[in-house]
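The structure file upload.tsv is reproduced below (TSV, N, CA and C atoms).
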```tsv
chain	number	residue	atom	x	y	z
A	1	MET	N	-6.60	10.92	-3.99
A	1	MET	CA	-7.58	9.99	-3.47
A	1	MET	C	-7.45	9.94	-1.95
A	2	THR	N	-8.56	9.92	-1.29
A	2	THR	CA	-8.50	9.97	0.16
A	2	THR	C	-9.15	8.78	0.84
A	3	GLY	N	-9.64	7.82	0.10
A	3	GLY	CA	-10.25	6.67	0.73
A	3	GLY	C	-10.81	5.71	-0.28
A	4	LEU	N	-11.38	4.64	0.22
A	4	LEU	CA	-11.89	3.55	-0.60
A	4	LEU	C	-12.97	4.02	-1.54
A	5	VAL	N	-12.79	3.69	-2.81
A	5	VAL	CA	-13.78	3.99	-3.83
A	5	VAL	C	-14.34	2.68	-4.40
A	6	ARG	N	-13.50	1.67	-4.46
A	6	ARG	CA	-13.87	0.39	-5.04
A	6	ARG	C	-14.79	-0.37	-4.10
A	7	THR	N	-15.79	-1.04	-4.66
A	7	THR	CA	-16.63	-1.90	-3.84
A	7	THR	C	-15.91	-3.23	-3.62
A	8	SER	N	-16.14	-3.83	-2.49
A	8	SER	CA	-15.52	-5.13	-2.22
A	8	SER	C	-16.54	-6.26	-2.35
A	9	ALA	N	-17.72	-5.95	-2.84
A	9	ALA	CA	-18.80	-6.93	-2.92
A	9	ALA	C	-18.43	-8.14	-3.77
A	10	ASP	N	-17.60	-7.96	-4.78
A	10	ASP	CA	-17.24	-9.06	-5.67
A	10	ASP	C	-15.98	-9.81	-5.24
A	11	LEU	N	-15.43	-9.45	-4.09
A	11	LEU	CA	-14.18	-10.06	-3.62
A	11	LEU	C	-14.44	-11.19	-2.64
A	12	ASP	N	-13.54	-12.16	-2.63
A	12	ASP	CA	-13.61	-13.22	-1.62
A	12	ASP	C	-13.20	-12.64	-0.27
A	13	PRO	N	-13.51	-13.34	0.82
A	13	PRO	CA	-13.23	-12.79	2.17
A	13	PRO	C	-11.77	-12.40	2.40
A	14	ARG	N	-10.82	-13.18	1.88
A	14	ARG	CA	-9.40	-12.84	2.08
A	14	ARG	C	-9.08	-11.50	1.42
A	15	ARG	N	-9.50	-11.31	0.21
A	15	ARG	CA	-9.24	-10.07	-0.51
A	15	ARG	C	-9.94	-8.88	0.16
A	16	ARG	N	-11.14	-9.09	0.65
A	16	ARG	CA	-11.85	-8.02	1.38
A	16	ARG	C	-11.06	-7.60	2.60
A	17	ARG	N	-10.59	-8.59	3.34
A	17	ARG	CA	-9.82	-8.31	4.57
A	17	ARG	C	-8.54	-7.55	4.23
A	18	ILE	N	-7.83	-8.00	3.21
A	18	ILE	CA	-6.58	-7.32	2.81
A	18	ILE	C	-6.87	-5.89	2.36
A	19	LEU	N	-7.91	-5.71	1.55
A	19	LEU	CA	-8.26	-4.37	1.08
A	19	LEU	C	-8.56	-3.46	2.26
A	20	TYR	N	-9.33	-3.94	3.21
A	20	TYR	CA	-9.64	-3.14	4.40
A	20	TYR	C	-8.37	-2.80	5.17
A	21	ARG	N	-7.52	-3.79	5.39
A	21	ARG	CA	-6.29	-3.56	6.15
A	21	ARG	C	-5.34	-2.60	5.44
A	22	CYS	N	-5.35	-2.61	4.11
A	22	CYS	CA	-4.51	-1.68	3.37
A	22	CYS	C	-4.97	-0.24	3.54
A	23	TRP	N	-6.27	-0.03	3.69
A	23	TRP	CA	-6.79	1.33	3.86
A	23	TRP	C	-6.81	1.77	5.32
A	24	HIS	N	-6.55	0.87	6.24
A	24	HIS	CA	-6.60	1.19	7.68
A	24	HIS	C	-5.31	0.74	8.35
A	25	ARG	N	-4.23	1.41	8.04
A	25	ARG	CA	-2.91	1.01	8.48
A	25	ARG	C	-2.57	1.52	9.88
A	26	GLY	N	-2.47	2.75	10.03
A	26	GLY	CA	-1.99	3.33	11.28
A	26	GLY	C	-1.48	4.73	11.03
A	27	ILE	N	-0.85	4.91	9.89
A	27	ILE	CA	-0.47	6.27	9.49
A	27	ILE	C	-1.04	6.51	8.09
A	28	ARG	N	-1.49	7.71	7.87
A	28	ARG	CA	-2.21	8.05	6.65
A	28	ARG	C	-1.37	7.84	5.39
A	29	GLU	N	-0.08	8.08	5.47
A	29	GLU	CA	0.77	7.88	4.29
A	29	GLU	C	0.68	6.45	3.78
A	30	MET	N	0.70	5.48	4.69
A	30	MET	CA	0.62	4.09	4.24
A	30	MET	C	-0.79	3.71	3.84
A	31	ASP	N	-1.80	4.34	4.43
A	31	ASP	CA	-3.17	4.15	3.94
A	31	ASP	C	-3.23	4.50	2.45
A	32	LEU	N	-2.63	5.63	2.11
A	32	LEU	CA	-2.68	6.10	0.73
A	32	LEU	C	-1.89	5.20	-0.22
A	33	VAL	N	-0.72	4.77	0.20
A	33	VAL	CA	0.10	3.93	-0.67
A	33	VAL	C	-0.52	2.54	-0.81
A	34	LEU	N	-0.68	1.84	0.30
A	34	LEU	CA	-1.20	0.47	0.23
A	34	LEU	C	-2.67	0.44	-0.18
A	35	GLY	N	-3.44	1.41	0.29
A	35	GLY	CA	-4.86	1.45	-0.06
A	35	GLY	C	-5.08	1.65	-1.54
A	36	GLN	N	-4.38	2.60	-2.12
A	36	GLN	CA	-4.52	2.83	-3.56
A	36	GLN	C	-4.03	1.63	-4.36
A	37	PHE	N	-2.92	1.06	-3.93
A	37	PHE	CA	-2.41	-0.13	-4.62
A	37	PHE	C	-3.44	-1.25	-4.56
A	38	ALA	N	-3.94	-1.55	-3.38
A	38	ALA	CA	-4.89	-2.65	-3.22
A	38	ALA	C	-6.18	-2.38	-4.00
A	39	GLU	N	-6.66	-1.17	-3.94
A	39	GLU	CA	-7.89	-0.83	-4.65
A	39	GLU	C	-7.75	-1.09	-6.15
A	40	ASP	N	-6.60	-0.76	-6.70
A	40	ASP	CA	-6.38	-0.93	-8.13
A	40	ASP	C	-6.04	-2.36	-8.54
A	41	ASN	N	-5.49	-3.16	-7.61
A	41	ASN	CA	-4.92	-4.45	-8.00
A	41	ASN	C	-5.46	-5.69	-7.30
A	42	ILE	N	-6.18	-5.54	-6.20
A	42	ILE	CA	-6.52	-6.68	-5.35
A	42	ILE	C	-7.24	-7.80	-6.09
A	43	ALA	N	-8.11	-7.48	-7.01
A	43	ALA	CA	-8.87	-8.51	-7.71
A	43	ALA	C	-8.00	-9.36	-8.63
A	44	LEU	N	-6.87	-8.82	-9.05
A	44	LEU	CA	-6.03	-9.52	-10.03
A	44	LEU	C	-4.82	-10.22	-9.43
A	45	LEU	N	-4.56	-10.01	-8.15
A	45	LEU	CA	-3.38	-10.62	-7.53
A	45	LEU	C	-3.55	-12.13	-7.38
A	46	THR	N	-2.47	-12.86	-7.63
A	46	THR	CA	-2.48	-14.31	-7.45
A	46	THR	C	-2.41	-14.61	-5.95
A	47	ASP	N	-2.64	-15.87	-5.59
A	47	ASP	CA	-2.52	-16.27	-4.19
A	47	ASP	C	-1.11	-16.02	-3.67
A	48	GLU	N	-0.10	-16.25	-4.51
A	48	GLU	CA	1.29	-16.02	-4.10
A	48	GLU	C	1.54	-14.52	-3.87
A	49	GLN	N	0.97	-13.69	-4.71
A	49	GLN	CA	1.12	-12.25	-4.53
A	49	GLN	C	0.37	-11.78	-3.29
A	50	LEU	N	-0.77	-12.37	-3.00
A	50	LEU	CA	-1.49	-12.03	-1.77
A	50	LEU	C	-0.66	-12.42	-0.55
A	51	ASP	N	-0.02	-13.59	-0.62
A	51	ASP	CA	0.87	-14.01	0.47
A	51	ASP	C	1.98	-12.97	0.67
A	52	GLU	N	2.59	-12.54	-0.43
A	52	GLU	CA	3.67	-11.55	-0.35
A	52	GLU	C	3.15	-10.22	0.20
A	53	LEU	N	1.98	-9.80	-0.26
A	53	LEU	CA	1.40	-8.55	0.23
A	53	LEU	C	1.15	-8.62	1.73
A	54	GLU	N	0.68	-9.75	2.21
A	54	GLU	CA	0.45	-9.89	3.65
A	54	GLU	C	1.76	-9.82	4.43
A	55	VAL	N	2.84	-10.33	3.88
A	55	VAL	CA	4.15	-10.22	4.54
A	55	VAL	C	4.59	-8.76	4.56
A	56	ILE	N	4.41	-8.06	3.46
A	56	ILE	CA	4.75	-6.64	3.40
A	56	ILE	C	3.95	-5.87	4.43
A	57	MET	N	2.69	-6.21	4.57
A	57	MET	CA	1.81	-5.50	5.51
A	57	MET	C	2.20	-5.71	6.97
A	58	LEU	N	3.01	-6.72	7.25
A	58	LEU	CA	3.47	-6.95	8.62
A	58	LEU	C	4.57	-5.98	9.03
A	59	GLU	N	5.20	-5.32	8.06
A	59	GLU	CA	6.26	-4.37	8.36
A	59	GLU	C	5.69	-3.13	9.04
A	60	GLU	N	6.52	-2.47	9.81
A	60	GLU	CA	6.13	-1.23	10.47
A	60	GLU	C	5.85	-0.14	9.43
A	61	ASP	N	4.80	0.61	9.64
A	61	ASP	CA	4.44	1.67	8.70
A	61	ASP	C	5.56	2.68	8.49
A	62	ASN	N	6.23	3.07	9.55
A	62	ASN	CA	7.31	4.06	9.42
A	62	ASN	C	8.42	3.54	8.52
A	63	ASP	N	8.74	2.26	8.63
A	63	ASP	CA	9.77	1.67	7.76
A	63	ASP	C	9.29	1.60	6.32
A	64	LEU	N	8.03	1.22	6.13
A	64	LEU	CA	7.49	1.15	4.77
A	64	LEU	C	7.48	2.52	4.09
A	65	VAL	N	7.08	3.54	4.83
A	65	VAL	CA	7.07	4.90	4.26
A	65	VAL	C	8.48	5.28	3.84
A	66	LYS	N	9.45	4.99	4.68
A	66	LYS	CA	10.84	5.33	4.35
A	66	LYS	C	11.32	4.57	3.12
A	67	MET	N	10.91	3.31	2.98
A	67	MET	CA	11.29	2.54	1.80
A	67	MET	C	10.65	3.12	0.54
A	68	VAL	N	9.39	3.47	0.63
A	68	VAL	CA	8.66	4.00	-0.52
A	68	VAL	C	9.21	5.35	-0.95
A	69	THR	N	9.60	6.17	0.00
A	69	THR	CA	10.10	7.51	-0.33
A	69	THR	C	11.59	7.53	-0.64
A	70	GLY	N	12.27	6.41	-0.42
A	70	GLY	CA	13.69	6.35	-0.71
A	70	GLY	C	14.57	6.75	0.46
A	71	ALA	N	13.98	7.05	1.61
A	71	ALA	CA	14.75	7.44	2.78
A	71	ALA	C	15.43	6.24	3.43
A	72	LEU	N	14.97	5.04	3.10
A	72	LEU	CA	15.53	3.80	3.64
A	72	LEU	C	15.70	2.84	2.47
A	73	ALA	N	16.84	2.18	2.42
A	73	ALA	CA	17.07	1.20	1.35
A	73	ALA	C	16.04	0.07	1.45
A	74	ILE	N	15.61	-0.40	0.32
A	74	ILE	CA	14.65	-1.51	0.29
A	74	ILE	C	15.42	-2.79	0.57
A	75	PRO	N	15.03	-3.52	1.62
A	75	PRO	CA	15.72	-4.78	1.94
A	75	PRO	C	15.60	-5.77	0.78
A	76	GLU	N	16.56	-6.65	0.68
A	76	GLU	CA	16.58	-7.63	-0.40
A	76	GLU	C	15.28	-8.42	-0.50
A	77	LYS	N	14.69	-8.78	0.66
A	77	LYS	CA	13.47	-9.59	0.63
A	77	LYS	C	12.30	-8.85	-0.02
A	78	PHE	N	12.37	-7.52	-0.10
A	78	PHE	CA	11.31	-6.74	-0.73
A	78	PHE	C	11.68	-6.22	-2.11
A	79	GLN	N	12.82	-6.63	-2.61
A	79	GLN	CA	13.21	-6.21	-3.96
A	79	GLN	C	12.55	-7.14	-4.97
A	80	THR	N	11.23	-7.01	-5.05
A	80	THR	CA	10.40	-7.86	-5.91
A	80	THR	C	9.54	-6.98	-6.81
A	81	PRO	N	9.05	-7.54	-7.90
A	81	PRO	CA	8.16	-6.75	-8.77
A	81	PRO	C	6.93	-6.23	-8.03
A	82	LEU	N	6.37	-7.03	-7.11
A	82	LEU	CA	5.19	-6.58	-6.38
A	82	LEU	C	5.50	-5.38	-5.51
A	83	PHE	N	6.60	-5.42	-4.76
A	83	PHE	CA	6.93	-4.30	-3.89
A	83	PHE	C	7.24	-3.06	-4.73
A	84	MET	N	7.92	-3.23	-5.84
A	84	MET	CA	8.23	-2.07	-6.69
A	84	MET	C	6.94	-1.45	-7.24
A	85	LYS	N	5.97	-2.28	-7.54
A	85	LYS	CA	4.68	-1.76	-8.01
A	85	LYS	C	3.99	-1.00	-6.88
A	86	ILE	N	4.03	-1.54	-5.68
A	86	ILE	CA	3.45	-0.85	-4.52
A	86	ILE	C	4.16	0.49	-4.32
A	87	ALA	N	5.47	0.48	-4.39
A	87	ALA	CA	6.26	1.70	-4.16
A	87	ALA	C	5.99	2.76	-5.22
A	88	SER	N	5.46	2.37	-6.36
A	88	SER	CA	5.15	3.36	-7.40
A	88	SER	C	3.91	4.17	-7.06
A	89	TYR	N	3.14	3.75	-6.07
A	89	TYR	CA	1.97	4.49	-5.60
A	89	TYR	C	2.44	5.50	-4.55
A	90	ARG	N	2.89	6.64	-5.01
A	90	ARG	CA	3.48	7.63	-4.11
A	90	ARG	C	2.67	8.92	-4.09
A	91	PRO	N	1.82	9.09	-3.11
A	91	PRO	CA	1.17	10.38	-2.97
A	91	PRO	C	2.22	11.45	-2.67
A	92	ASP	N	1.86	12.69	-2.81
A	92	ASP	CA	2.75	13.79	-2.51
A	92	ASP	C	2.89	13.90	-1.00
A	93	PHE	N	4.06	13.51	-0.48
A	93	PHE	CA	4.29	13.55	0.95
A	93	PHE	C	4.91	14.87	1.42
A	94	ASP	N	5.09	15.83	0.51
A	94	ASP	CA	5.68	17.10	0.90
A	94	ASP	C	4.76	17.84	1.87
A	95	LEU	N	5.37	18.48	2.85
A	95	LEU	CA	4.61	19.28	3.80
A	95	LEU	C	4.01	20.48	3.08
A	96	VAL	N	2.81	20.83	3.46
A	96	VAL	CA	2.17	22.02	2.90
A	96	VAL	C	2.65	23.21	3.70
A	97	THR	N	3.28	24.15	3.00
A	97	THR	CA	3.76	25.37	3.63
A	97	THR	C	3.29	26.54	2.79
A	98	ALA	N	3.41	27.73	3.33
A	98	ALA	CA	3.01	28.95	2.59
A	98	ALA	C	3.84	29.09	1.32
A	99	ASP	N	5.06	28.56	1.33
A	99	ASP	CA	5.94	28.68	0.17
A	99	ASP	C	5.54	27.79	-1.00
A	100	ASN	N	4.90	26.63	-0.72
A	100	ASN	CA	4.60	25.73	-1.82
A	100	ASN	C	3.11	25.59	-2.11
A	101	VAL	N	2.29	26.47	-1.56
A	101	VAL	CA	0.86	26.49	-1.85
A	101	VAL	C	0.62	27.40	-3.04
A	102	LYS	N	-0.06	26.85	-4.05
A	102	LYS	CA	-0.39	27.64	-5.22
A	102	LYS	C	-1.67	28.43	-4.96
A	103	ALA	N	-1.64	29.69	-5.32
A	103	ALA	CA	-2.81	30.55	-5.10
A	103	ALA	C	-3.84	30.35	-6.17
```
As structure tokens, what does this structure read like?
Amino acid sequence: MTGLVRTSADLDPRRRRILYRCWHRGIREMDLVLGQFAEDNIALLTDEQLDELEVIMLEEDNDLVKMVTGALAIPEKFQTPLFMKIASYRPDFDLVTADNVKA
């Protein structure tokens, strides 16, 4: 998936804003992780989960990518069911090289 597919017409303004911010992070890897997560889950998140998601979104993208890929330990404050669900949205971050391209 490379971008927003879900319509935001049925969402309240807060959810629309969060969905947009998840797809427009700063680095494409986090667009894909947070964007896909938000697209699939935003309508069902509770207000408390939205609060938590907004806190997660305040973190630096480079740190979040490292947490999601396992290159950086997940801090205790993010060892929550919501963060683990977000971290399960892992696009293939491997570099494309001549060696790993299928013909």
Checklist line | Backbone-only DSSP, alpha helix (DSSP H) members of segment 2-64 of chain A, as a PyMOL selection string | finding: chain A and resi 13-23+28-41+47-57+61-64
Margin query: Just want the 8 Å neighbourhood of Ser88 of chain A, counted on all atoms listed in the file, with same-chain residues fewer than 5 positions away dropped. Output as a ChimeraX atom specification.
Written below: /A:33,68,82-83
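Of the listed residues A:Leu11, A:Trp23, A:Asp63, A:Leu72, the one whose atoms come nearest to Ile42 of chain A is A:Leu11, with distances taken using all atoms listed in the file.
Here atom N of Glu39 of chain A and atom C of Leu19 of chain A stand 6.9 Å from one another.
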Next item on the list: Have a look at atom CA of Tyr89 of chain A and atom CA of Met67 of chain A and let me know their distance in Å, one decimal.
Entry: 12.1 Å
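You will find atom CA of Leu32 of chain A at 16.6 Å from atom CA of Glu54 of chain A.
Here the question is which of A:Thr46, A:Asn62, A:Gln36, A:Asn41 gets nearest to Arg90 of chain A using only C-alpha atoms, and that residue is A:Gln36.
Among the candidates A:Glu29, A:Ala43, A:Thr69, A:Leu34, the one nearest to Asp12 of chain A when counting only C-alpha atoms is A:Ala43.
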With all heavy atoms as the target, complete segment 61-72 of chain A and hand it back as an mmCIF file, in the coordinates of the input.
```cif
data_model
loop_
_atom_site.group_PDB
_atom_site.id
_atom_site.type_symbol
_atom_site.label_atom_id
_atom_site.label_comp_id
_atom_site.auth_asym_id
_atom_site.auth_seq_id
_atom_site.Cartn_x
_atom_site.Cartn_y
_atom_site.Cartn_z
ATOM 1 N N ASP A 61 4.800 0.610 9.640
ATOM 2 C CA ASP A 61 4.440 1.670 8.700
ATOM 3 C C ASP A 61 5.560 2.680 8.490
ATOM 4 O O ASP A 61 5.824 3.090 7.359
ATOM 5 C CB ASP A 61 3.191 2.424 9.174
ATOM 6 C CG ASP A 61 1.918 1.642 8.924
ATOM 7 O OD1 ASP A 61 1.937 0.710 8.098
ATOM 8 O OD2 ASP A 61 0.897 1.978 9.532
ATOM 9 N N ASN A 62 6.230 3.070 9.550
ATOM 10 C CA ASN A 62 7.310 4.060 9.420
ATOM 11 C C ASN A 62 8.420 3.540 8.520
ATOM 12 O O ASN A 62 8.987 4.287 7.725
ATOM 13 C CB ASN A 62 7.857 4.462 10.783
ATOM 14 C CG ASN A 62 6.894 5.327 11.549
ATOM 15 O OD1 ASN A 62 6.199 6.160 10.970
ATOM 16 N ND2 ASN A 62 6.816 5.137 12.853
ATOM 17 N N ASP A 63 8.740 2.260 8.630
ATOM 18 C CA ASP A 63 9.770 1.670 7.760
ATOM 19 C C ASP A 63 9.290 1.600 6.320
ATOM 20 O O ASP A 63 10.042 1.897 5.394
ATOM 21 C CB ASP A 63 10.162 0.280 8.249
ATOM 22 C CG ASP A 63 10.900 0.309 9.583
ATOM 23 O OD1 ASP A 63 11.463 1.377 9.938
ATOM 24 O OD2 ASP A 63 10.917 -0.728 10.269
ATOM 25 N N LEU A 64 8.030 1.220 6.130
ATOM 26 C CA LEU A 64 7.490 1.150 4.770
ATOM 27 C C LEU A 64 7.480 2.520 4.090
ATOM 28 O O LEU A 64 7.843 2.640 2.925
ATOM 29 C CB LEU A 64 6.079 0.558 4.780
ATOM 30 C CG LEU A 64 5.984 -0.941 5.020
ATOM 31 C CD1 LEU A 64 4.525 -1.364 5.195
ATOM 32 C CD2 LEU A 64 6.629 -1.724 3.898
ATOM 33 N N VAL A 65 7.080 3.540 4.830
ATOM 34 C CA VAL A 65 7.070 4.900 4.260
ATOM 35 C C VAL A 65 8.480 5.280 3.840
ATOM 36 O O VAL A 65 8.689 5.823 2.754
ATOM 37 C CB VAL A 65 6.500 5.928 5.258
ATOM 38 C CG1 VAL A 65 6.795 7.348 4.820
ATOM 39 C CG2 VAL A 65 5.017 5.738 5.424
ATOM 40 N N LYS A 66 9.450 4.990 4.680
ATOM 41 C CA LYS A 66 10.840 5.330 4.350
ATOM 42 C C LYS A 66 11.320 4.570 3.120
ATOM 43 O O LYS A 66 12.047 5.118 2.299
ATOM 44 C CB LYS A 66 11.738 5.059 5.549
ATOM 45 C CG LYS A 66 11.521 6.036 6.687
ATOM 46 C CD LYS A 66 12.355 5.670 7.892
ATOM 47 C CE LYS A 66 12.039 6.599 9.061
ATOM 48 N NZ LYS A 66 12.753 6.178 10.278
ATOM 49 N N MET A 67 10.910 3.310 2.980
ATOM 50 C CA MET A 67 11.290 2.540 1.800
ATOM 51 C C MET A 67 10.650 3.120 0.540
ATOM 52 O O MET A 67 11.308 3.255 -0.499
ATOM 53 C CB MET A 67 10.873 1.077 1.951
ATOM 54 C CG MET A 67 11.700 0.284 2.928
ATOM 55 S SD MET A 67 11.110 -1.427 2.960
ATOM 56 C CE MET A 67 10.871 -1.662 4.712
ATOM 57 N N VAL A 68 9.390 3.470 0.630
ATOM 58 C CA VAL A 68 8.660 4.000 -0.520
ATOM 59 C C VAL A 68 9.210 5.350 -0.950
ATOM 60 O O VAL A 68 9.320 5.636 -2.151
ATOM 61 C CB VAL A 68 7.145 4.093 -0.209
ATOM 62 C CG1 VAL A 68 6.409 4.914 -1.248
ATOM 63 C CG2 VAL A 68 6.541 2.703 -0.100
ATOM 64 N N THR A 69 9.600 6.170 0.000
ATOM 65 C CA THR A 69 10.100 7.510 -0.330
ATOM 66 C C THR A 69 11.590 7.530 -0.640
ATOM 67 O O THR A 69 12.119 8.545 -1.063
ATOM 68 C CB THR A 69 9.829 8.505 0.817
ATOM 69 O OG1 THR A 69 10.504 8.048 1.992
ATOM 70 C CG2 THR A 69 8.346 8.673 1.074
ATOM 71 N N GLY A 70 12.270 6.410 -0.420
ATOM 72 C CA GLY A 70 13.690 6.350 -0.710
ATOM 73 C C GLY A 70 14.570 6.750 0.460
ATOM 74 O O GLY A 70 15.785 6.785 0.342
ATOM 75 N N ALA A 71 13.980 7.050 1.610
ATOM 76 C CA ALA A 71 14.750 7.440 2.780
ATOM 77 C C ALA A 71 15.430 6.240 3.430
ATOM 78 O O ALA A 71 16.358 6.389 4.216
ATOM 79 C CB ALA A 71 13.855 8.133 3.799
ATOM 80 N N LEU A 72 14.970 5.040 3.100
ATOM 81 C CA LEU A 72 15.530 3.800 3.640
ATOM 82 C C LEU A 72 15.700 2.840 2.470
ATOM 83 O O LEU A 72 14.798 2.724 1.625
ATOM 84 C CB LEU A 72 14.578 3.202 4.685
ATOM 85 C CG LEU A 72 14.994 1.945 5.425
ATOM 86 C CD1 LEU A 72 16.225 2.209 6.296
ATOM 87 C CD2 LEU A 72 13.854 1.444 6.309
#
```
